[in-house]
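Chemist: Input: one structure, supplied below.
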Amino acid sequence: MNETLKRALSGAVYVILLLGCISYSREGLAILFGVFLVIGVYEFCKMCGLNYFISIPAAIASYYFLWNKNLDFNLTTGLTAIAVVISIKLLLYLFNTNKTHFKTYTRYFLLFGYVILPFILTNYVAMGVKGYNPKILISIIILIWTNDTFAYLVGKNFGKNKLFPSVSPKKTIEGFAGGLVFTIIGGILLAHYFIMATNLYIWIVIAAIVSIFSTLGDLIESKLKRVAGIKDTGNIMPGHGGILDRLDSIIFVIPFINLFYLILYYVS
């Protein structure tokens with residue numbers, strides 16, 4: 001089987017599994033992302049040199065006890081705050097050209113805030129005002145794919161200025177701008193025709209958050225892999241790499257979308 005066909009088949013299986021489980025039920029989403037979490041934790045431990053026998057049980061326990069606690073707004077606020085603080089630390093790491101490695105205890109904090117919490121918070125983001133609404137998470141995923149696609153297309157055809165050459169030589173400022181514009185357009189279309197949202201501005205903001213932070217999440221993952229000296233975090237998906245390679249944008253975006261949700265909740 002040639003590499004292109006292998007990549008296409010594994011990608012199709014991933015998309016069908018992802019959208020199918022999300023659409024089926026809240027429990028389907030929880031089980032799928034629970035499995036993704038275990039694999040993602042394994043990949044992160046392998047990449048960063050952490051102990052599997054501590055990390056994986058801790059991740060499973062955290063996910064089991066917290067995946068459906070979205071109605072506890074104090075807990076949700078606390079978990080979101082931790083995830084956002086860790087994300088900001090990773091952003092500082094991304095823009096610090098001199099820093100390459102973290103101390104061991106910091107890597108465990110990163111494991112919790114960068115990997116474990118986003119998988120938990122993904123279950124929270126999928127909850128709408130009337131309960132579980134798969135269209136919310138599906139729309140966010142579509143927006144991430146939209147950003148990736150149009151950033152690539154615009155960058156390939158019009159890109160001249162490198163966005164972050166030390167980490168990702170192929171990304172351009174023009175590509176980033178193109179991805180942002182088309183993602184916002186996609187957010188408006190999804191809000192109007194798929195979600196039937198009454199407040200379009202909310203999905204314009206979500207689309208902007210998705211475009212900006214999915215790009216940053218991809219760059220952070222690229223730097224972590226570059227420092228670790230690896231091309232992919234794993235090989236579970238032939239032609240695509242590991243779970244963290246596929247979900248790096250989602251896990252970095254989710255805490256900031258959840259933060260936006262909480263801001264709307266507290267100011268309304």
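Letters A, B, ... mark the chains of the structure tokens in the order given; residue numbers begin at 1 per chain; ligand numbers begin at 1, in order shown.
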Quick one: contact table of range 207-244 of chain A to range 27-41 of chain A, 10 Å max, nearest atom pair and distance in Å to one decimal per residue, counting only C-alpha atoms, chain and number order, as a Markdown table?

Modeler:
```
| residue | atom | partner | partner_atom | distance |
| --- | --- | --- | --- | --- |
| A:Thr233 | CA | A:Gly40 | CA | 8.6 |
| A:Gly234 | CA | A:Gly40 | CA | 9.0 |
| A:Ile236 | CA | A:Ile39 | CA | 8.9 |
| A:Gly242 | CA | A:Gly40 | CA | 7.9 |
| A:Ile243 | CA | A:Gly40 | CA | 5.7 |
| A:Leu244 | CA | A:Gly40 | CA | 5.7 |
```

Chemist: Contacts of Lys156 in chain A at 12 Å or less, counting only C-alpha atoms, minus same-chain residues fewer than 2 places along, as a PyMOL selection string?

Modeler: chain A and resi 148-154+158-162+170-176+178-179

Chemist: Tell me which protein, DNA and RNA residues are within 12 Å of Val15 in chain A, counting only C-alpha atoms, leaving out same-chain ones fewer than 2 positions away, and put them as a PyMOL selection string.

Modeler: chain A and resi 8-13+17-23+138+141-142+145+237+246-247

Chemist: Excluding same-chain residues fewer than 6 positions from Val253 in chain A, what lies within 12 Å of it counting only C-alpha atoms, as a PyMOL selection string?

Modeler: chain A and resi 80+83-84+87+114-115+117-119+121-122+125+137+140-141+143-144+206-218+247+259-260

Chemist: Pull N, CA, C and O atoms from the residues just selected and write them as a short mmCIF file (atom, residue, chain, number, x, y, z; two decimals), in the first residue's frame.

Modeler:
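Once everything was written out, this is again_17.cif:
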```
data_model
loop_
_atom_site.label_atom_id
_atom_site.label_comp_id
_atom_site.auth_asym_id
_atom_site.auth_seq_id
_atom_site.Cartn_x
_atom_site.Cartn_y
_atom_site.Cartn_z
N THR A 80 -10.31 25.41 34.20
CA THR A 80 -10.02 26.26 33.03
C THR A 80 -8.87 27.21 33.33
O THR A 80 -7.98 27.41 32.48
N ALA A 83 -5.60 25.34 33.14
CA ALA A 83 -5.25 25.03 31.75
C ALA A 83 -4.77 26.28 31.01
O ALA A 83 -3.81 26.22 30.23
N VAL A 84 -5.42 27.41 31.25
CA VAL A 84 -5.03 28.65 30.57
C VAL A 84 -3.66 29.12 31.06
O VAL A 84 -2.82 29.56 30.26
N SER A 87 -1.13 27.04 29.46
CA SER A 87 -1.05 27.43 28.05
C SER A 87 -0.21 28.69 27.88
O SER A 87 0.59 28.80 26.94
N TYR A 114 -1.65 20.82 29.94
CA TYR A 114 -1.60 20.87 28.49
C TYR A 114 -2.26 19.66 27.83
O TYR A 114 -2.81 19.78 26.72
N VAL A 115 -2.25 18.51 28.51
CA VAL A 115 -2.80 17.29 27.91
C VAL A 115 -4.07 16.83 28.63
O VAL A 115 -5.14 16.72 28.03
N LEU A 117 -6.11 18.15 31.20
CA LEU A 117 -7.23 19.07 31.37
C LEU A 117 -7.97 19.38 30.07
O LEU A 117 -9.20 19.41 30.05
N PRO A 118 -7.27 19.66 28.95
CA PRO A 118 -8.01 19.93 27.71
C PRO A 118 -8.93 18.78 27.27
O PRO A 118 -10.02 19.02 26.75
N PHE A 119 -8.50 17.53 27.50
CA PHE A 119 -9.36 16.41 27.15
C PHE A 119 -10.60 16.39 28.04
O PHE A 119 -11.70 16.05 27.58
N LEU A 121 -11.92 19.15 29.49
CA LEU A 121 -12.70 20.34 29.14
C LEU A 121 -13.40 20.21 27.79
O LEU A 121 -14.38 20.91 27.55
N THR A 122 -12.92 19.32 26.93
CA THR A 122 -13.61 19.08 25.67
C THR A 122 -15.04 18.62 25.91
O THR A 122 -15.96 18.99 25.19
N VAL A 125 -17.11 21.78 26.79
CA VAL A 125 -17.38 22.66 25.66
C VAL A 125 -18.57 22.16 24.85
O VAL A 125 -19.31 22.95 24.26
N LEU A 137 -19.17 21.08 19.29
CA LEU A 137 -17.81 20.54 19.16
C LEU A 137 -17.48 20.22 17.70
O LEU A 137 -16.35 20.46 17.26
N ILE A 140 -16.47 23.40 16.06
CA ILE A 140 -15.13 23.81 16.45
C ILE A 140 -14.08 23.01 15.68
O ILE A 140 -13.09 23.56 15.19
N ILE A 141 -14.32 21.72 15.55
CA ILE A 141 -13.39 20.87 14.80
C ILE A 141 -13.36 21.27 13.33
O ILE A 141 -12.29 21.35 12.71
N LEU A 143 -13.95 24.20 12.15
CA LEU A 143 -13.23 25.48 12.08
C LEU A 143 -11.72 25.27 12.15
O LEU A 143 -10.96 25.97 11.46
N ILE A 144 -11.28 24.33 12.96
CA ILE A 144 -9.85 24.01 13.02
C ILE A 144 -9.37 23.49 11.67
O ILE A 144 -8.31 23.90 11.16
N ILE A 206 -15.50 32.90 18.60
CA ILE A 206 -15.02 31.52 18.68
C ILE A 206 -14.13 31.18 17.49
O ILE A 206 -13.07 30.56 17.64
N ALA A 207 -14.55 31.61 16.30
CA ALA A 207 -13.76 31.35 15.09
C ALA A 207 -12.38 32.01 15.18
O ALA A 207 -11.37 31.42 14.80
N ALA A 208 -12.35 33.24 15.69
CA ALA A 208 -11.07 33.94 15.85
C ALA A 208 -10.18 33.23 16.87
O ALA A 208 -8.97 33.08 16.66
N ILE A 209 -10.79 32.80 17.99
CA ILE A 209 -10.04 32.06 19.00
C ILE A 209 -9.47 30.78 18.39
O ILE A 209 -8.29 30.44 18.59
N VAL A 210 -10.29 30.07 17.64
CA VAL A 210 -9.86 28.82 17.00
C VAL A 210 -8.67 29.07 16.08
O VAL A 210 -7.66 28.36 16.14
N SER A 211 -8.78 30.07 15.22
CA SER A 211 -7.73 30.33 14.24
C SER A 211 -6.41 30.70 14.93
O SER A 211 -5.35 30.15 14.60
N ILE A 212 -6.48 31.61 15.87
CA ILE A 212 -5.26 32.09 16.53
C ILE A 212 -4.61 31.00 17.37
O ILE A 212 -3.41 30.70 17.25
N PHE A 213 -5.42 30.37 18.23
CA PHE A 213 -4.83 29.43 19.19
C PHE A 213 -4.56 28.05 18.60
O PHE A 213 -3.70 27.32 19.12
N SER A 214 -5.26 27.67 17.54
CA SER A 214 -4.90 26.41 16.88
C SER A 214 -3.54 26.54 16.19
O SER A 214 -2.74 25.60 16.20
N THR A 215 -3.28 27.71 15.63
CA THR A 215 -1.97 27.96 15.02
C THR A 215 -0.87 27.95 16.07
O THR A 215 0.18 27.32 15.89
N LEU A 216 -1.12 28.61 17.20
CA LEU A 216 -0.14 28.62 18.28
C LEU A 216 0.07 27.22 18.86
O LEU A 216 1.21 26.84 19.18
N GLY A 217 -1.02 26.47 18.99
CA GLY A 217 -0.91 25.10 19.50
C GLY A 217 -0.07 24.22 18.59
O GLY A 217 0.74 23.41 19.06
N ASP A 218 -0.22 24.40 17.30
CA ASP A 218 0.58 23.64 16.34
C ASP A 218 2.06 24.02 16.45
O ASP A 218 2.94 23.16 16.38
N LEU A 247 -4.24 16.12 17.36
CA LEU A 247 -5.10 16.88 18.28
C LEU A 247 -4.40 18.06 18.93
O LEU A 247 -4.95 18.68 19.85
N LEU A 259 -12.79 29.29 28.46
CA LEU A 259 -12.64 30.57 29.16
C LEU A 259 -13.63 31.59 28.61
O LEU A 259 -14.26 32.33 29.38
N PHE A 260 -13.80 31.62 27.31
CA PHE A 260 -14.77 32.53 26.68
C PHE A 260 -16.19 32.19 27.14
O PHE A 260 -16.98 33.10 27.45
#
```

Chemist: Looking only at helix (DSSP H, G or I) from DSSP on the backbone, list the matching residues of range 94-254 of chain A as a PyMOL selection string.

Modeler: chain A and resi 94-95+104-125+134-158+173-194+200-228+243-254

Chemist: Just the number, please: distance in Å from CA of Leu163 in chain A to CA of Leu224 in chain A, one decimal.

Modeler: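 Straight-line distance from CA of Leu163 in chain A to CA of Leu224 in chain A works out to 17.4 Å.
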
Chemist: Name the residues in contact with Ile120 in chain A at a cut-off of 7 Å, using only C-alpha atoms, excluding same-chain residues fewer than 3 positions from it; report them as a PyMOL selection string.

Modeler: chain A and resi 63+66-67+116-117+123

Chemist: Please indicate the distance in Å from CA of Tyr42 in chain A to CA of Ser55 in chain A, rounded to one decimal place.

Modeler: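 Atom-to-atom, CA of Tyr42 in chain A and CA of Ser55 in chain A are spaced 8.1 Å apart.
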